[in-house]
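structure15.cif (mmCIF, C-alpha atoms and all ligand atoms) appears below.
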```cif
data_query
loop_
_atom_site.label_atom_id
_atom_site.label_comp_id
_atom_site.auth_asym_id
_atom_site.auth_seq_id
_atom_site.Cartn_x
_atom_site.Cartn_y
_atom_site.Cartn_z
CA MET A 102 19.37 45.65 56.93
CA ALA A 103 16.14 47.63 57.17
CA GLU A 104 17.91 50.59 55.52
CA GLN A 105 15.57 52.40 53.20
CA PRO A 106 16.77 53.34 49.74
CA ARG A 107 17.66 57.02 49.44
CA SER A 108 18.41 57.10 45.74
CA LEU A 109 17.20 55.35 42.65
CA PRO A 110 20.36 53.16 42.43
CA GLU A 111 19.84 52.18 46.07
CA PHE A 112 16.24 51.35 45.32
CA GLU A 113 17.33 49.15 42.41
CA ALA A 114 19.79 47.34 44.65
CA ARG A 115 17.29 46.85 47.45
CA PHE A 116 14.43 45.68 45.21
CA PRO A 117 16.09 44.14 42.15
CA ASP A 118 13.19 41.87 41.20
CA GLU A 119 9.70 40.58 42.04
CA ALA A 120 11.06 38.04 44.50
CA ALA A 121 12.78 40.76 46.56
CA CYS A 122 9.55 42.77 46.73
CA ALA A 123 7.56 39.69 47.72
CA ARG A 124 10.10 38.89 50.45
CA TRP A 125 9.78 42.42 51.81
CA LEU A 126 5.98 42.11 51.91
CA LEU A 127 6.30 38.78 53.68
CA GLU A 128 8.50 40.30 56.39
CA LYS A 129 6.16 43.26 56.82
CA ARG A 130 3.12 41.04 57.00
CA TRP A 131 4.49 38.58 59.51
CA PRO A 132 7.35 40.34 61.33
CA ASP A 133 7.29 37.61 64.00
CA GLY A 134 7.04 34.78 61.51
CA PHE A 135 4.13 33.20 59.64
CA ARG A 136 0.81 32.75 61.41
CA CYS A 137 -1.97 30.97 59.50
CA PRO A 138 -5.08 33.20 59.33
CA ALA A 139 -7.29 30.08 59.33
CA CYS A 140 -5.84 27.85 62.04
CA GLY A 141 -3.06 29.86 63.68
CA HIS A 142 -0.36 27.34 62.79
CA ASP A 143 3.14 28.80 62.45
CA ARG A 144 4.66 26.68 59.71
CA ALA A 145 4.09 27.08 56.01
CA TRP A 146 5.46 25.99 52.64
CA GLU A 147 6.38 28.61 50.10
CA LEU A 148 4.69 28.29 46.74
CA GLY A 149 5.87 30.36 43.79
CA ARG A 150 8.72 32.80 43.97
CA GLU A 151 7.38 35.98 42.40
CA ARG A 152 3.84 36.34 43.69
CA LEU A 153 4.87 34.60 46.85
CA THR A 154 2.12 32.40 48.30
CA LEU A 155 2.40 30.46 51.52
CA GLN A 156 0.61 27.22 52.24
CA CYS A 157 -0.12 26.41 55.85
CA ALA A 158 1.65 23.17 56.82
CA ALA A 159 -1.31 22.15 59.00
CA CYS A 160 -4.55 23.07 57.20
CA GLU A 161 -3.12 23.69 53.71
CA ARG A 162 -4.73 27.13 53.49
CA GLN A 163 -2.96 29.24 50.86
CA VAL A 164 -2.19 32.88 51.60
CA SER A 165 -0.69 35.31 49.09
CA VAL A 166 1.65 37.96 50.47
CA THR A 167 -0.51 40.56 48.75
CA ALA A 168 -3.87 39.28 50.09
CA GLY A 169 -5.82 42.00 51.86
CA THR A 170 -3.47 44.73 50.63
CA VAL A 171 -4.05 47.44 48.05
CA LEU A 172 -1.68 45.55 45.76
CA HIS A 173 -3.88 42.48 45.70
CA GLY A 174 -5.53 41.57 42.42
CA SER A 175 -3.37 44.03 40.51
CA HIS A 176 -1.87 42.83 37.24
CA LEU A 177 1.04 45.21 37.66
CA PRO A 178 4.37 43.84 38.85
CA LEU A 179 5.09 44.32 42.56
CA ARG A 180 8.16 46.25 41.51
CA THR A 181 6.00 48.80 39.69
CA TRP A 182 4.01 49.33 42.89
CA PHE A 183 7.18 49.65 44.93
CA LEU A 184 8.77 52.10 42.54
CA ALA A 185 5.59 54.18 42.37
CA ALA A 186 5.36 54.26 46.17
CA TRP A 187 9.02 55.14 46.45
CA LEU A 188 8.69 57.99 43.95
CA MET A 189 5.56 59.30 45.68
CA ALA A 190 7.15 59.09 49.10
CA THR A 191 10.52 60.62 48.26
CA HIS A 192 9.68 63.17 45.58
CA ALA A 193 9.79 66.50 47.38
CA ASN A 194 6.48 67.74 46.06
CA GLY A 195 4.82 64.49 45.24
CA ILE A 196 4.16 63.14 41.82
CA SER A 197 1.10 63.29 39.64
CA ALA A 198 -0.45 60.36 37.81
CA ARG A 199 0.69 61.92 34.55
CA GLN A 200 4.31 62.15 35.72
CA LEU A 201 4.19 58.60 37.02
CA TRP A 202 2.70 57.36 33.78
CA ARG A 203 5.72 58.70 31.88
CA GLN A 204 8.39 57.80 34.45
CA LEU A 205 7.28 54.20 34.85
CA GLY A 206 6.47 53.73 31.20
CA LEU A 207 3.03 52.38 32.05
CA GLY A 208 0.70 51.29 29.28
CA SER A 209 -2.10 53.72 29.99
CA TYR A 210 -2.78 56.88 31.90
CA LYS A 211 -5.68 55.16 33.65
CA THR A 212 -3.33 52.55 35.07
CA ALA A 213 -1.08 55.27 36.48
CA TRP A 214 -4.07 57.17 37.83
CA LEU A 215 -5.39 54.10 39.68
CA LEU A 216 -1.96 53.35 41.08
CA VAL A 217 -1.63 56.86 42.44
CA ARG A 218 -5.16 56.81 43.84
CA LYS A 219 -4.61 53.53 45.63
CA LEU A 220 -1.31 54.62 47.16
CA ARG A 221 -2.81 57.95 48.15
CA ARG A 222 -5.64 56.14 49.86
CA ALA A 223 -3.04 54.32 51.95
CA MET A 224 -1.75 57.67 53.20
CA VAL A 225 -4.48 57.96 55.80
CA ASP A 226 -3.82 55.87 58.85
CA PRO A 227 -7.19 54.99 60.41
CA GLU A 228 -5.41 54.53 63.74
CA ARG A 229 -3.70 57.90 63.76
CA GLU A 230 -3.72 59.88 66.97
CA PRO A 231 -5.67 63.15 67.07
CA LEU A 232 -3.76 66.44 67.31
CA ALA A 233 -3.20 67.62 70.87
CA GLY A 234 -2.00 70.53 72.97
CA LEU A 235 -2.13 74.00 71.44
CA VAL A 236 -3.78 73.81 68.01
CA GLU A 237 -4.41 76.59 65.51
CA VAL A 238 -7.65 76.09 63.60
CA ASP A 239 -8.93 78.06 60.67
CA GLU A 240 -10.87 77.63 57.45
CA THR A 241 -10.21 78.73 53.92
CA SER A 242 -11.67 78.49 50.47
CA LEU A 243 -9.82 77.20 47.46
CA PRO A 244 -10.91 78.67 44.15
CA PHE A 245 -11.34 76.27 41.28
CA ARG A 246 -12.33 76.80 37.72
CA ALA A 247 -16.03 77.43 38.12
CA ARG A 248 -18.24 79.27 35.71
CA GLY A 249 -20.57 82.06 36.71
CA GLU A 250 -19.30 82.39 40.23
CA PRO A 251 -21.22 85.25 41.82
CA ALA A 252 -19.09 87.83 43.61
CA ARG A 253 -20.34 88.06 47.15
CA PRO A 254 -18.82 89.68 50.18
CA GLY A 255 -17.77 87.99 53.41
CA ARG A 256 -17.43 84.26 53.76
CA SER A 257 -19.65 83.33 50.88
CA HIS A 258 -18.36 80.21 49.22
CA GLU A 259 -20.18 79.94 45.91
CA GLY A 260 -18.04 78.05 43.44
CA LYS A 261 -15.28 77.43 45.94
CA LEU A 262 -13.98 74.44 47.81
CA LEU A 263 -14.09 74.87 51.56
CA VAL A 264 -11.33 73.46 53.70
CA ALA A 265 -10.78 73.39 57.45
CA GLY A 266 -7.23 73.15 58.75
CA ALA A 267 -5.60 72.45 62.10
CA VAL A 268 -1.93 72.78 63.06
CA GLU A 269 -0.34 71.65 66.30
CA ILE A 270 2.01 74.21 67.76
CA ARG A 271 5.12 72.60 69.21
CA GLY A 272 7.41 75.18 70.76
CA LYS A 273 7.96 77.83 68.11
CA GLY A 274 6.98 75.75 65.10
CA PRO A 275 4.34 73.46 63.67
CA GLY A 276 3.89 69.83 64.65
CA ARG A 277 1.37 67.67 62.82
CA ILE A 278 -1.47 68.99 60.68
CA ARG A 279 -4.91 67.94 59.44
CA LEU A 280 -6.92 69.26 56.50
CA ALA A 281 -10.50 68.36 55.67
CA VAL A 282 -13.14 69.33 53.16
CA ILE A 283 -16.13 70.93 54.86
CA ASP A 284 -19.60 71.74 53.53
CA ASP A 285 -19.88 75.19 55.05
CA TYR A 286 -18.50 77.41 57.81
CA SER A 287 -21.29 76.59 60.26
CA ALA A 288 -20.72 75.74 63.90
CA LEU A 289 -21.88 72.23 63.07
CA ALA A 290 -19.30 71.66 60.33
CA LEU A 291 -16.41 73.30 62.19
CA GLY A 292 -17.36 71.61 65.46
CA ALA A 293 -17.37 68.23 63.73
CA PHE A 294 -13.93 68.92 62.25
CA VAL A 295 -12.48 69.90 65.62
CA ALA A 296 -14.07 66.88 67.32
CA ALA A 297 -12.68 64.54 64.66
CA VAL A 298 -9.08 65.74 64.56
CA ILE A 299 -8.28 67.29 67.95
CA ALA A 300 -8.02 65.44 71.24
CA ALA A 301 -10.29 66.43 74.11
CA GLY A 302 -8.63 68.80 76.55
CA SER A 303 -6.60 70.59 73.85
CA THR A 304 -6.64 74.35 73.36
CA VAL A 305 -8.00 75.59 70.04
CA VAL A 306 -6.74 78.95 68.80
CA SER A 307 -9.10 80.47 66.24
CA ASP A 308 -9.77 83.80 64.57
CA GLY A 309 -12.91 84.25 66.62
CA TRP A 310 -15.36 83.30 63.87
CA PRO A 311 -18.75 82.52 65.51
CA GLY A 312 -18.58 79.00 64.09
CA TYR A 313 -16.04 78.17 66.81
CA ARG A 314 -18.05 79.55 69.73
CA ARG A 315 -19.65 76.33 70.82
CA LEU A 316 -16.78 73.86 70.64
CA LYS A 317 -17.10 70.88 72.94
CA ASP A 318 -14.39 69.13 74.95
CA VAL A 319 -11.68 71.67 74.05
CA LYS A 320 -10.70 75.07 75.39
CA HIS A 321 -11.22 77.88 72.92
CA ASP A 322 -8.93 80.88 72.53
CA PRO A 323 -10.33 83.33 69.95
CA LYS A 324 -7.52 85.63 68.77
CA VAL A 325 -8.70 88.18 66.26
CA VAL A 326 -9.69 91.55 67.61
CA GLY A 327 -11.36 93.93 65.22
CA ASP A 328 -9.60 94.02 61.86
CA ALA A 329 -6.32 92.37 62.82
CA PRO A 330 -5.21 90.24 59.85
CA ALA A 331 -5.73 86.56 60.53
CA HIS A 332 -2.24 85.57 59.33
CA LEU A 333 -0.72 87.52 62.20
CA VAL A 334 -2.60 85.66 64.90
CA LEU A 335 -2.71 82.26 63.18
CA PRO A 336 0.64 82.17 61.38
CA TRP A 337 1.05 78.42 60.99
CA VAL A 338 -2.33 77.37 59.75
CA HIS A 339 -2.14 80.21 57.21
CA ARG A 340 1.28 79.08 56.06
CA VAL A 341 -0.05 75.54 55.67
CA PHE A 342 -3.02 76.77 53.62
CA ALA A 343 -0.71 78.83 51.39
CA ASN A 344 1.65 75.89 50.86
CA ALA A 345 -1.22 73.51 50.14
CA LYS A 346 -2.59 75.88 47.51
CA ARG A 347 0.80 76.35 45.87
CA TRP A 348 1.42 72.62 45.91
CA ALA A 349 -1.96 71.86 44.36
CA LEU A 350 -1.29 74.31 41.56
CA GLY A 351 2.23 73.05 40.96
CA VAL A 352 1.61 69.31 41.05
CA TYR A 353 -1.99 69.06 39.96
CA HIS A 354 -2.47 72.30 38.05
CA GLY A 355 -5.50 73.14 40.14
CA LEU A 356 -7.97 71.13 42.11
CA ARG A 357 -11.00 69.14 41.16
CA PRO A 358 -13.77 69.12 43.76
CA LYS A 359 -14.38 65.39 43.53
CA HIS A 360 -10.91 64.33 44.67
CA LEU A 361 -10.08 67.25 46.93
CA GLN A 362 -9.96 65.22 50.15
CA ALA A 363 -7.50 62.79 48.58
CA TYR A 364 -5.25 65.68 47.54
CA LEU A 365 -5.44 67.11 51.05
CA ASP A 366 -4.62 63.72 52.56
CA GLU A 367 -1.49 63.52 50.43
CA PHE A 368 -0.42 67.01 51.47
CA VAL A 369 -0.97 66.13 55.14
CA PHE A 370 0.92 62.86 54.73
CA ARG A 371 3.93 64.70 53.25
CA PHE A 372 3.83 67.51 55.78
CA ASN A 373 3.61 65.21 58.79
CA ARG A 374 6.56 63.15 57.52
CA ARG A 375 8.60 66.04 56.18
CA ARG A 376 11.53 65.26 58.46
CA THR A 377 11.53 61.52 57.79
CA PRO A 378 11.35 61.20 54.00
CA ALA A 379 13.14 57.85 53.98
CA ALA A 380 10.60 56.31 56.34
CA ALA A 381 7.67 57.61 54.29
CA PHE A 382 8.11 54.92 51.64
CA GLU A 383 7.96 52.08 54.15
CA ARG A 384 5.11 53.78 55.92
CA LEU A 385 3.23 54.10 52.67
CA LEU A 386 3.51 50.46 51.68
CA GLY A 387 3.32 49.27 55.29
CA LEU A 388 0.17 51.24 55.92
CA SER A 389 -1.44 49.95 52.79
CA LEU A 390 -1.07 46.44 54.14
CA SER A 391 -3.68 47.02 56.81
CA LEU A 392 -6.30 48.37 54.43
CA GLU A 393 -8.89 46.51 52.46
CA PRO A 394 -8.20 46.52 48.75
CA ALA A 395 -9.85 49.47 47.04
CA THR A 396 -11.89 48.78 43.97
CA TYR A 397 -12.03 51.09 40.99
CA ASN A 398 -15.60 52.04 41.88
CA ILE A 399 -14.68 53.11 45.42
CA LEU A 400 -11.83 55.21 44.09
CA VAL A 401 -13.85 57.04 41.48
CA GLY A 402 -16.57 57.75 44.01
CA ARG A 403 -19.25 55.37 42.74
CA SER A 404 -20.86 53.04 45.20
ZN ZN B 501 -3.61 26.72 58.78
#
```
How does this structure look as structure tokens?
Ligand SMILES: [Zn+2]
Amino acid sequence: MAEQPRSLPEFEARFPDEAACARWLLEKRWPDGFRCPACGHDRAWELGRERLTLQCAACERQVSVTAGTVLHGSHLPLRTWFLAAWLMATHANGISARQLWRQLGLGSYKTAWLLVRKLRRAMVDPEREPLAGLVEVDETSLPFRARGEPARPGRSHEGKLLVAGAVEIRGKGPGRIRLAVIDDYSALALGAFVAAVIAAGSTVVSDGWPGYRRLKDVKHDPKVVGDAPAHLVLPWVHRVFANAKRWALGVYHGLRPKHLQAYLDEFVFRFNRRRTPAAAFERLLGLSLSLEPATYNILVGRS
């Protein structure tokens, strides 16, 4: 019954109309049955079939199935949200706002862009567990179209986007990953990244860059000796960086600094669920249920 659609025809059968989408939201929201957010009562009347709203049988409080979700307040049909989430979750390389705009036949590009931004925002689980065990950590710079970038040696980062990456090593392969935008390669920035994404007691494998010398709460295993190429000692984090760069070029035709973290979050979301593509859709919409609705101003970076 909880089978997730694996093809577009299956999706159509599973979510044929607004009522089916609303029912799905209802079940996700109250898996153990309705519970009134105001008085805790467990019986409610159903009002409306499409934008399903429940009315508490005791205190008459009305609760929409979309309240408190990223879908709330949207004028788009639930089915449009579901289809967009399904496409984003199952498309091997992800889908850009422009592609979604065309595929869903949406009225404007801006609508598609907001939809994608809101779903992407739901890709970060605030409750997610930090990486643990043996973790490769490194940093890289992503070039973007900048004018007058001065050519400087070493780890200068003028005109580039700086990214820190961490990859769990499970046996012979990668486990989960994290990617984050960083301001610079200082011990402060790299230490903050490690502290935020890696559990205390883990072992960090790095290329020996001085920025990693004073890590707290983790063991540090610097690997590079002399001129040994970093990709030989940190194979997985380098592969992740390479894939992320290729993906950004392919799907987004390059990166814009302003939304870089959102792009990275999507890449991480896909990578960490690469073996469970069918569950990614449910995860995406399910996760979004626990988030506060995002306003346009939050998404475009205005406060
Ligand atoms: Zn009530």
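With a cut-off of 8 Å and using all atoms listed in the file, the polymer residues contacting ligand ZN 501 (chain B) are Arg136, Cys137, Pro138, Ala139, Cys140, Gly141, His142, Asp143, Gln156, Cys157, Ala158, Ala159, Cys160, Glu161 and Arg162 of chain A.
The residue that comes closest to Trp337 of chain A, out of A:Leu262, A:His173, A:Leu148, A:Ala267 and on the basis of all atoms listed in the file, is A:Ala267.
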>> Which residues are near segment 298-301 of chain A? Cut-off 6 Å, all atoms listed in the file, ignore same chain within fewer than 2 positions. Put them as a PyMOL selection string.
In response: chain A and resi 231-233+295-296+303+318-319
> Which one of A:Thr181, A:Leu316, A:Ala381, A:Gly206 sits closest to Pro117 of chain A if you count all atoms listed in the file?
Replying inline: A:Thr181
>> What's around Phe368 of chain A at 12 Å? Count all atoms listed in the file, leave out sequence neighbours fewer than 3 positions away in its own chain, and write the answer as number ranges by chain.
In response: A: 189-190, 193-196, 221, 224-225, 266, 277-281, 341-349, 352-353, 361-365, 371-375
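The nearest approach to Ala186 of chain A among the residues A:Val164, A:Cys122, A:Leu109, A:Leu385, with all atoms listed in the file taken into account, belongs to A:Leu385.
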>> Report as a ChimeraX atom specification all protein, DNA and RNA residues lying within 12 Å of Ala290 of chain A, evaluated on only C-alpha atoms, omitting residues in the same chain fewer than 4 positions from it.
In response: /A:240,263-265,281-286,294-297,312-313,315-316
> In Å, with one decimal, what is the gap from atom CA of Arg357 of chain A to atom CA of Thr241 of chain A?
Replying inline: 16.0 Å
>> Quick check, in Å to one decimal: how far apart do atom CA of Val305 of chain A and atom CA of Arg376 of chain A lie?
In response: 24.9 Å
